[in-house]
file structure_27.tsv (TSV, C-alpha atoms)
chain	number	residue	atom	x	y	z
A	216	MET	CA	-14.97	7.21	9.44
A	217	ALA	CA	-13.37	5.60	12.50
A	218	GLU	CA	-11.30	2.41	12.54
A	219	PHE	CA	-10.32	0.38	15.59
A	220	GLU	CA	-7.62	-2.25	15.17
A	221	TRP	CA	-6.27	-5.04	17.36
A	222	ASP	CA	-3.22	-7.05	16.39
A	223	SER	CA	-1.60	-10.07	18.06
A	224	ASP	CA	1.68	-11.71	16.99
A	225	LYS	CA	3.30	-14.91	18.24
A	226	PHE	CA	6.92	-14.98	17.10
A	227	GLY	CA	9.25	-17.94	16.65
A	228	PHE	CA	13.02	-17.44	16.68
A	229	SER	CA	15.88	-19.12	14.85
A	230	ASN	CA	17.92	-19.57	18.04
A	231	ARG	CA	15.19	-21.80	19.53
A	232	GLN	CA	14.23	-19.29	22.19
A	233	SER	CA	10.74	-19.57	23.62
A	234	ASN	CA	8.04	-18.03	21.49
A	235	ARG	CA	7.15	-14.47	22.39
A	236	SER	CA	3.77	-12.83	21.94
A	237	SER	CA	2.87	-9.18	21.48
A	238	ASN	CA	-0.47	-7.40	21.36
A	239	GLU	CA	-1.24	-3.96	19.99
A	240	THR	CA	-4.45	-1.94	19.93
A	241	SER	CA	-4.90	1.25	17.93
A	242	ALA	CA	-7.60	3.54	16.65
A	243	ASN	CA	-7.75	5.65	13.53
A	244	ILE	CA	-10.24	8.43	12.90
A	245	GLN	CA	-10.63	9.90	9.44
A	246	VAL	CA	-12.76	12.89	8.47
A	247	ASN	CA	-13.55	13.51	4.81
A	248	ALA	CA	-14.98	16.72	3.39
A	249	SER	CA	-15.62	17.59	-0.25
A	250	VAL	CA	-17.00	20.58	-2.08
A	251	THR	CA	-18.08	21.09	-5.71
A	252	PRO	CA	-18.37	24.85	-6.33
A	253	TRP	CA	-18.73	24.38	-10.09
A	254	SER	CA	-19.54	21.40	-12.30
A	255	PHE	CA	-15.92	21.25	-13.51
A	256	ALA	CA	-14.21	21.80	-10.14
A	257	LYS	CA	-14.02	19.70	-6.99
A	258	GLY	CA	-12.12	19.97	-3.74
A	259	GLU	CA	-11.47	17.14	-1.27
A	260	PHE	CA	-9.92	17.20	2.19
A	261	VAL	CA	-9.14	14.12	4.34
A	262	LEU	CA	-7.93	14.56	7.93
A	263	ASP	CA	-6.45	11.55	9.75
A	264	TYR	CA	-5.68	10.87	13.42
A	265	ASP	CA	-3.86	7.69	14.54
A	266	THR	CA	-3.36	6.72	18.18
A	267	ASP	CA	-0.16	4.82	17.30
A	268	THR	CA	1.66	8.01	16.33
A	269	ASP	CA	-0.59	10.38	18.31
A	270	ARG	CA	-0.50	12.69	15.31
A	271	LEU	CA	-3.20	14.59	13.49
A	272	GLU	CA	-2.24	14.96	9.84
A	273	VAL	CA	-3.65	15.77	6.45
A	274	ASP	CA	-4.03	12.53	4.52
A	275	GLU	CA	-5.21	14.21	1.32
A	276	ALA	CA	-6.01	17.78	0.30
A	277	VAL	CA	-6.61	18.23	-3.43
A	278	LEU	CA	-8.30	20.47	-5.95
A	279	SER	CA	-9.46	18.82	-9.20
A	280	LEU	CA	-10.52	20.37	-12.50
A	281	GLU	CA	-12.36	18.26	-15.08
A	282	ARG	CA	-13.10	18.86	-18.73
A	283	ASN	CA	-14.40	16.10	-20.98
A	284	ALA	CA	-11.94	13.17	-20.63
A	285	TRP	CA	-9.25	15.24	-18.84
A	286	GLU	CA	-8.75	15.74	-15.11
A	287	LEU	CA	-6.08	17.92	-13.49
A	288	THR	CA	-5.44	17.43	-9.76
A	289	TYR	CA	-3.15	19.43	-7.50
A	290	GLY	CA	-2.38	18.99	-3.82
A	291	HIS	CA	-1.32	16.48	-1.17
A	292	GLN	CA	-2.23	13.15	-2.76
A	293	TYR	CA	-1.29	9.51	-3.36
A	294	LEU	CA	0.75	9.07	-6.51
A	295	PRO	CA	-0.38	6.72	-9.32
A	296	PHE	CA	2.14	4.04	-8.38
A	297	GLY	CA	0.75	0.64	-7.34
A	298	VAL	CA	-2.88	-0.19	-6.58
A	299	TYR	CA	-2.57	-2.32	-3.36
A	300	PHE	CA	-5.65	-4.54	-3.61
A	301	SER	CA	-6.69	-6.30	-0.41
A	302	HIS	CA	-9.75	-7.42	1.54
A	303	PHE	CA	-7.64	-8.06	4.66
A	304	ALA	CA	-7.34	-5.82	7.70
A	305	SER	CA	-3.54	-6.20	7.39
A	306	GLY	CA	-2.14	-4.50	4.31
A	307	PRO	CA	0.00	-6.44	1.80
A	308	LEU	CA	3.81	-6.33	1.92
A	309	LEU	CA	4.01	-4.42	-1.36
A	310	GLU	CA	2.58	-1.34	0.37
A	311	PHE	CA	6.21	-0.43	1.03
A	312	GLY	CA	6.05	1.39	-2.33
A	313	GLU	CA	2.99	3.54	-1.53
A	314	THR	CA	3.90	7.21	-1.98
A	315	ARG	CA	2.09	10.39	-0.97
A	316	ASP	CA	3.30	13.92	-1.67
A	317	ILE	CA	2.33	17.34	-2.96
A	318	ALA	CA	1.94	16.69	-6.67
A	319	THR	CA	0.26	17.73	-9.88
A	320	THR	CA	-1.48	14.84	-11.66
A	321	LEU	CA	-2.97	14.85	-15.14
A	322	THR	CA	-5.36	11.99	-16.04
A	323	TYR	CA	-6.96	11.08	-19.37
A	324	ASP	CA	-9.86	8.64	-19.63
A	325	PHE	CA	-10.04	6.74	-22.93
A	326	GLN	CA	-13.85	6.26	-23.11
A	327	ASP	CA	-13.95	4.18	-19.89
A	328	ARG	CA	-11.70	1.54	-21.50
A	329	ALA	CA	-8.34	2.81	-20.31
A	330	GLU	CA	-6.93	5.52	-18.09
A	331	LEU	CA	-3.51	7.18	-18.20
A	332	SER	CA	-2.15	9.27	-15.30
A	333	VAL	CA	1.10	11.19	-15.01
A	334	ALA	CA	2.21	13.01	-11.85
A	335	ALA	CA	5.05	15.46	-11.14
A	336	TYR	CA	6.25	16.15	-7.61
A	337	GLN	CA	9.28	17.12	-5.49
A	338	GLY	CA	10.13	14.05	-3.38
A	339	GLN	CA	12.06	13.62	-0.14
A	340	GLY	CA	14.95	11.75	-1.79
A	341	GLN	CA	17.95	13.77	-2.91
A	342	GLY	CA	21.50	13.37	-4.14
A	343	ILE	CA	24.24	12.60	-1.62
A	344	ASN	CA	25.77	16.05	-2.11
A	345	GLY	CA	22.67	17.61	-0.54
A	346	LYS	CA	22.20	20.21	-3.26
A	347	GLY	CA	18.51	19.43	-3.55
A	348	SER	CA	16.45	16.93	-5.44
A	349	ARG	CA	15.35	16.99	-9.04
A	350	LEU	CA	11.74	16.89	-10.11
A	351	ASP	CA	10.32	13.39	-9.67
A	352	TRP	CA	7.45	11.80	-11.57
A	353	ALA	CA	5.12	8.82	-11.68
A	354	LEU	CA	3.18	7.24	-14.52
A	355	GLY	CA	0.24	4.85	-14.27
A	356	MET	CA	-1.93	3.13	-16.87
A	357	GLU	CA	-5.01	0.94	-16.38
A	358	THR	CA	-7.15	-0.81	-18.96
A	359	TRP	CA	-10.42	-2.77	-18.77
A	360	LEU	CA	-11.28	-5.73	-21.00
A	361	GLY	CA	-15.04	-5.80	-20.64
A	362	GLU	CA	-16.49	-5.66	-17.13
A	363	SER	CA	-14.56	-8.57	-15.64
A	364	VAL	CA	-10.84	-8.11	-16.37
A	365	SER	CA	-8.50	-5.22	-15.70
A	366	PHE	CA	-4.72	-4.78	-16.08
A	367	GLY	CA	-2.45	-2.02	-14.93
A	368	VAL	CA	1.19	-0.96	-14.84
A	369	SER	CA	2.88	1.97	-13.12
A	370	TYR	CA	6.33	3.50	-12.80
A	371	GLN	CA	7.89	5.87	-10.27
A	372	SER	CA	11.17	7.66	-10.86
A	373	ASP	CA	12.38	7.56	-7.24
A	374	LEU	CA	11.45	4.74	-4.85
A	375	ALA	CA	13.24	6.56	-2.01
A	376	ASP	CA	10.19	8.85	-1.86
A	377	ALA	CA	7.92	6.01	-0.66
A	378	ALA	CA	6.32	6.21	2.78
A	379	SER	CA	8.34	3.16	3.93
A	380	ASP	CA	11.41	5.42	4.22
A	381	LEU	CA	13.85	2.94	2.68
A	382	LEU	CA	16.71	5.44	3.07
A	383	SER	CA	15.79	6.89	6.46
A	384	ASP	CA	19.24	6.00	7.86
A	385	THR	CA	20.89	8.22	5.24
A	386	ARG	CA	18.31	11.01	5.62
A	387	HIS	CA	16.87	10.00	2.21
A	388	ARG	CA	20.11	10.80	0.39
A	389	TYR	CA	21.51	8.54	-2.31
A	390	THR	CA	24.36	8.26	-4.79
A	391	ARG	CA	21.96	7.31	-7.58
A	392	ARG	CA	18.23	7.41	-8.06
A	393	VAL	CA	16.39	4.05	-7.98
A	394	SER	CA	13.07	3.80	-9.82
A	395	GLY	CA	10.23	1.37	-9.17
A	396	LEU	CA	7.84	-0.66	-11.32
A	397	SER	CA	4.45	-2.12	-10.39
A	398	GLY	CA	1.79	-4.13	-12.20
A	399	TYR	CA	-1.51	-5.81	-11.44
A	400	MET	CA	-4.25	-8.06	-12.83
A	401	LEU	CA	-7.86	-8.12	-11.61
A	402	TRP	CA	-10.62	-10.57	-12.48
A	403	THR	CA	-14.05	-10.20	-10.96
A	404	SER	CA	-17.50	-11.80	-11.22
A	405	ASP	CA	-20.72	-11.65	-9.23
A	406	HIS	CA	-19.33	-13.81	-6.43
A	407	PHE	CA	-15.54	-13.92	-6.85
A	408	GLU	CA	-12.56	-11.61	-7.24
A	409	VAL	CA	-8.97	-12.60	-8.04
A	410	THR	CA	-6.09	-10.10	-7.86
A	411	ALA	CA	-2.37	-10.43	-8.55
A	412	GLU	CA	0.10	-7.59	-8.05
A	413	PHE	CA	3.85	-7.00	-7.82
A	414	LEU	CA	6.02	-4.00	-6.97
A	415	GLY	CA	9.78	-3.65	-6.84
A	416	ALA	CA	12.93	-1.62	-7.36
A	417	LEU	CA	14.44	-1.72	-10.86
A	418	ARG	CA	18.01	-1.61	-9.55
A	419	SER	CA	19.83	-1.69	-6.22
A	420	PHE	CA	20.25	1.03	-3.60
A	421	ARG	CA	23.98	1.41	-3.00
A	422	GLU	CA	23.28	2.75	0.50
A	423	LEU	CA	21.64	-0.48	1.73
A	424	GLN	CA	23.12	-3.85	2.68
A	425	ALA	CA	23.86	-6.16	-0.25
A	426	ASP	CA	21.19	-8.72	0.72
A	427	ARG	CA	18.40	-6.11	1.00
A	428	ASN	CA	19.19	-3.35	-1.48
A	429	GLN	CA	16.70	-4.19	-4.27
A	430	PRO	CA	13.37	-4.85	-2.54
A	431	LEU	CA	10.34	-6.35	-4.25
A	432	ALA	CA	7.05	-7.88	-3.15
A	433	TRP	CA	4.07	-9.66	-4.69
A	434	ASN	CA	0.55	-10.47	-3.56
A	435	LEU	CA	-2.18	-12.90	-4.70
A	436	GLU	CA	-5.70	-12.78	-3.27
A	437	VAL	CA	-8.94	-14.67	-3.93
A	438	THR	CA	-12.19	-13.31	-2.48
A	439	ASN	CA	-15.62	-14.95	-2.36
A	440	PHE	CA	-18.63	-12.65	-1.88
A	441	LEU	CA	-21.20	-14.97	-0.33
A	442	ASN	CA	-23.76	-12.17	0.05
A	443	PRO	CA	-23.75	-8.36	0.37
A	444	ASN	CA	-22.94	-8.61	4.09
A	445	PHE	CA	-20.33	-11.37	4.22
A	446	ASP	CA	-17.20	-12.39	2.30
A	447	TRP	CA	-14.04	-14.38	2.88
A	448	ALA	CA	-10.59	-14.11	1.29
A	449	LEU	CA	-7.35	-16.05	0.94
A	450	ARG	CA	-3.92	-14.44	0.51
A	451	LEU	CA	-0.53	-15.71	-0.63
A	452	GLU	CA	2.28	-13.14	-0.76
A	453	GLY	CA	6.03	-12.86	-0.56
A	454	SER	CA	9.00	-10.54	-0.69
A	455	ASP	CA	12.68	-10.51	-1.53
A	456	GLU	CA	15.29	-8.16	-0.08
A	457	LEU	CA	12.61	-6.21	1.81
A	458	GLU	CA	14.11	-5.49	5.22
A	459	ASP	CA	12.53	-7.34	8.18
A	460	ALA	CA	9.66	-8.58	5.99
A	461	PRO	CA	8.69	-12.25	5.65
A	462	GLU	CA	9.87	-14.21	2.62
A	463	LEU	CA	6.45	-15.90	2.45
A	464	ARG	CA	3.12	-15.08	4.10
A	465	TYR	CA	-0.30	-16.68	3.72
A	466	GLY	CA	-3.64	-16.72	5.48
A	467	ALA	CA	-7.37	-16.08	5.46
A	468	SER	CA	-9.78	-13.28	6.28
A	469	VAL	CA	-13.53	-12.93	6.89
A	470	SER	CA	-15.54	-9.71	6.75
A	471	PHE	CA	-19.02	-8.86	8.06
A	472	ARG	CA	-20.88	-5.67	7.12
A	473	ALA	CA	-23.83	-3.94	8.75
A	474	GLY	CA	-25.19	-1.96	5.83
A	475	ARG	CA	-23.22	1.15	4.90
A	476	TYR	CA	-22.30	2.12	8.43
A	477	GLY	CA	-20.08	-0.58	9.86
A	478	SER	CA	-17.88	-3.57	9.11
A	479	LEU	CA	-15.79	-6.11	11.02
A	480	THR	CA	-12.79	-7.92	9.53
A	481	LEU	CA	-10.85	-10.81	11.12
A	482	ASP	CA	-7.46	-11.98	9.78
A	483	TYR	CA	-5.05	-14.84	10.34
A	484	LEU	CA	-1.64	-14.73	8.63
A	485	HIS	CA	1.35	-17.08	8.96
A	486	SER	CA	4.78	-15.69	8.03
A	487	ARG	CA	8.05	-17.44	7.27
A	488	PHE	CA	11.30	-15.49	7.30
A	489	LYS	CA	14.51	-16.06	5.38
A	490	HIS	CA	17.31	-17.44	7.59
A	491	ASN	CA	19.19	-14.69	9.46
A	492	PHE	CA	17.34	-11.94	7.60
A	493	ALA	CA	14.70	-10.38	9.89
A	494	ASN	CA	14.88	-9.33	13.56
A	495	ASP	CA	12.40	-8.18	16.18
A	496	ASP	CA	12.81	-4.97	18.20
A	497	ALA	CA	15.01	-6.81	20.71
A	498	GLY	CA	17.41	-8.02	18.00
A	499	ASN	CA	16.26	-11.66	18.01
A	500	THR	CA	16.36	-13.39	14.61
A	501	LEU	CA	12.87	-14.27	13.44
A	502	SER	CA	11.94	-17.67	12.03
A	503	HIS	CA	8.15	-17.45	11.78
A	504	ASP	CA	5.16	-15.45	13.00
A	505	ASP	CA	1.47	-16.17	13.58
A	506	GLN	CA	-0.60	-13.01	13.36
A	507	PHE	CA	-4.23	-12.39	14.28
A	508	ALA	CA	-5.83	-9.05	13.45
A	509	LEU	CA	-9.23	-7.46	13.96
A	510	GLN	CA	-10.50	-4.27	12.38
A	511	LEU	CA	-13.79	-2.52	13.19
A	512	SER	CA	-14.83	0.28	10.85
A	513	ILE	CA	-17.64	2.71	11.56
A	514	ALA	CA	-18.85	5.27	9.03
A	515	PHE	CA	-20.47	8.50	10.15
call {"tool": "encode", "arguments": {"input": "structure_27.tsv", "output": "structure tokens"}}
result
Amino acid sequence: MAEFEWDSDKFGFSNRQSNRSSNETSANIQVNASVTPWSFAKGEFVLDYDTDTDRLEVDEAVLSLERNAWELTYGHQYLPFGVYFSHFASGPLLEFGETRDIATTLTYDFQDRAELSVAAYQGQGQGINGKGSRLDWALGMETWLGESVSFGVSYQSDLADAASDLLSDTRHRYTRRVSGLSGYMLWTSDHFEVTAEFLGALRSFRELQADRNQPLAWNLEVTNFLNPNFDWALRLEGSDELEDAPELRYGASVSFRAGRYGSLTLDYLHSRFKHNFANDDAGNTLSHDDQFALQLSIAF
């Protein structure tokens, strides 16, 4: 699959400077390969190239073994922490908690009514003394009430392991481990879908500034599926103590699909920032932002 993205931002500043615009274009190419040598074993490999970073990397590489309701997965994978629902080209703010690492995950399916996953891994975060990190873990549970409603909750022992690199300035070292909690609700019908999700730290990072040391975010989305080839969505989301992120963001998205082989998504999002909290790359204090995004996906 290949994805091409275009993003345009028009920033407003607290010091009444003239608005400044920025435009970015990027492409992402993803190759997925899977093999099933036996009925109980499956291997999956996902290779990813992004023009923003100019890096070719392994997104996922896992081996799974299944027996009855049990599944054991080992390899480079996303941990069962957060779900990150969205029909927008721009990901929600709560993606700051998304974590990927080499892990072992054990999943049990309770007769298609509930699913419990536990993962063990060795994360990038470690104690300030540099003597190495302890074994980290994540736990996720999802349950379905009929075909229309689903709930889920997940926990991760060390939020410093997330891909957002919250402790990058301290080389991922901390004086105490900070865990994270996430939860979601999903309601769906033939023509609508409603999702609500939150994710946040359960206590503060002592290494971060006092006004941004216990980050959290939430996201609400409503999607209307007009037909198999067209849908539109509304989003309302926010954050607290998440560095350089808007306090409130809202907008709309429309998506067009050409069968199974292509889709086009257009976004508009308006962001409002807490006073004297977020800055652009030039150090200017942000007040608001109007963002337009386009994403073209092609499957092959």
call {"tool": "residues_around", "arguments": {"input": "structure_27.tsv", "residues": "A:Asp446", "least_positions_apart": "3", "cutoff": "8 Å", "atoms": "all atoms listed in the file", "output": "short mmCIF file (atom, residue, chain, number, x, y, z; two decimals) with C-alpha atoms, keeping the file's coordinate frame"}}
result
data_model
loop_
_atom_site.label_atom_id
_atom_site.label_comp_id
_atom_site.auth_asym_id
_atom_site.auth_seq_id
_atom_site.Cartn_x
_atom_site.Cartn_y
_atom_site.Cartn_z
CA THR A 438 -12.19 -13.31 -2.48
CA ASN A 439 -15.62 -14.95 -2.36
CA PHE A 440 -18.63 -12.65 -1.88
CA LEU A 441 -21.20 -14.97 -0.33
CA ASN A 442 -23.76 -12.17 0.05
CA PRO A 443 -23.75 -8.36 0.37
CA VAL A 469 -13.53 -12.93 6.89
CA SER A 470 -15.54 -9.71 6.75
CA PHE A 471 -19.02 -8.86 8.06
#
call {"tool": "closest_atom_pairs", "arguments": {"input": "structure_27.tsv", "of": "stretch 387-498 of chain A", "to": "stretch 312-317 of chain A", "cutoff": "10 Å", "atoms": "only C-alpha atoms", "output": "JSON lines"}}
result
{"residue": "A:Gly395", "atom": "CA", "partner": "A:Gly312", "partner_atom": "CA", "distance": 8.0}
{"residue": "A:Leu396", "atom": "CA", "partner": "A:Gly312", "partner_atom": "CA", "distance": 9.4}
{"residue": "A:Ser397", "atom": "CA", "partner": "A:Gly312", "partner_atom": "CA", "distance": 8.9}
{"residue": "A:Leu414", "atom": "CA", "partner": "A:Gly312", "partner_atom": "CA", "distance": 7.1}
{"residue": "A:Gly415", "atom": "CA", "partner": "A:Gly312", "partner_atom": "CA", "distance": 7.7}
{"residue": "A:Ala416", "atom": "CA", "partner": "A:Gly312", "partner_atom": "CA", "distance": 9.0}
{"residue": "A:Pro430", "atom": "CA", "partner": "A:Gly312", "partner_atom": "CA", "distance": 9.6}
{"residue": "A:Leu431", "atom": "CA", "partner": "A:Gly312", "partner_atom": "CA", "distance": 9.1}
{"residue": "A:Ala432", "atom": "CA", "partner": "A:Gly312", "partner_atom": "CA", "distance": 9.4}
call {"tool": "atom_distance", "arguments": {"input": "structure_27.tsv", "atom1": "atom CA of A:Leu423", "atom2": "atom CA of A:Thr385"}}
result
9.4 Å
call {"tool": "closest_residue", "arguments": {"input": "structure_27.tsv", "among": "A:Ser229, A:Thr268, A:Ser369, A:Ser223", "to": "A:Ser502", "atoms": "all atoms listed in the file"}}
result
A:Ser229
call {"tool": "closest_atom_pairs", "arguments": {"input": "structure_27.tsv", "of": "stretch 261-313 of chain A", "to": "stretch 326-347 of chain A", "cutoff": "10 Å", "atoms": "all atoms listed in the file", "output": "JSON lines"}}
result
{"residue": "A:Ala284", "atom": "CA", "partner": "A:Gln326", "partner_atom": "CA", "distance": 7.6}
{"residue": "A:Trp285", "atom": "CA", "partner": "A:Leu331", "partner_atom": "CA", "distance": 9.9}
{"residue": "A:Glu286", "atom": "CA", "partner": "A:Ser332", "partner_atom": "CA", "distance": 9.2}
{"residue": "A:Leu287", "atom": "CA", "partner": "A:Ser332", "partner_atom": "CA", "distance": 9.7}
{"residue": "A:Thr288", "atom": "CA", "partner": "A:Ala334", "partner_atom": "CA", "distance": 9.1}
{"residue": "A:Tyr289", "atom": "CA", "partner": "A:Ala334", "partner_atom": "CA", "distance": 9.4}
{"residue": "A:Gly290", "atom": "CA", "partner": "A:Tyr336", "partner_atom": "CA", "distance": 9.8}
{"residue": "A:His291", "atom": "CA", "partner": "A:Tyr336", "partner_atom": "CA", "distance": 9.9}
{"residue": "A:Tyr293", "atom": "CA", "partner": "A:Ala334", "partner_atom": "CA", "distance": 9.8}
{"residue": "A:Leu294", "atom": "CA", "partner": "A:Ala334", "partner_atom": "CA", "distance": 6.8}
{"residue": "A:Pro295", "atom": "CA", "partner": "A:Ser332", "partner_atom": "CA", "distance": 6.7}
{"residue": "A:Phe296", "atom": "CA", "partner": "A:Ala334", "partner_atom": "CA", "distance": 9.6}
call {"tool": "residues_near_point", "arguments": {"input": "structure_27.tsv", "point": "(-4.8, -14.6, 14.0)", "cutoff": "8 Å", "atoms": "all atoms listed in the file", "output": "number ranges by chain"}}
result
A: 223-224, 481-484, 505-508
call {"tool": "atom_distance", "arguments": {"input": "structure_27.tsv", "atom1": "atom CA of A:Met356", "atom2": "atom CA of A:Leu321"}}
result
11.9 Å
call {"tool": "residues_around", "arguments": {"input": "structure_27.tsv", "residues": "A:Leu401", "least_positions_apart": "5", "cutoff": "8 Å", "atoms": "all atoms listed in the file", "output": "compact mmCIF listing (two decimals) with C-alpha atoms, keeping the file's coordinate frame"}}
result
# COMPACT_ATOMS: atom_id res chain seq x y z
CA SER A 363 -14.56 -8.57 -15.64
CA VAL A 364 -10.84 -8.11 -16.37
CA SER A 365 -8.50 -5.22 -15.70
CA PHE A 366 -4.72 -4.78 -16.08
CA GLU A 408 -12.56 -11.61 -7.24
CA VAL A 409 -8.97 -12.60 -8.04
CA THR A 410 -6.09 -10.10 -7.86
CA ALA A 411 -2.37 -10.43 -8.55
call {"tool": "atom_distance", "arguments": {"input": "structure_27.tsv", "atom1": "atom CA of A:Arg487", "atom2": "atom CA of A:Val368"}}
result
28.4 Å
call {"tool": "residues_around", "arguments": {"input": "structure_27.tsv", "residues": "stretch 218-222 of chain A", "least_positions_apart": "3", "cutoff": "8 Å", "atoms": "only C-alpha atoms", "output": "list in words"}}
result
Asn238, Glu239, Thr240, Ser241, Ala242, Asn243, Ile244, Gln506, Phe507, Ala508, Leu509, Gln510, Leu511, Ser512 and Ile513 of chain A
call {"tool": "axis_aligned_box", "arguments": {"input": "structure_27.tsv", "around": "stretch 362-376 of chain A", "padding_each_side": "4 Å", "output": "JSON"}}
result
{"center_x": -1.6, "center_y": 0.1, "center_z": -9.5, "size_x": 37.7, "size_y": 25.4, "size_z": 23.3}
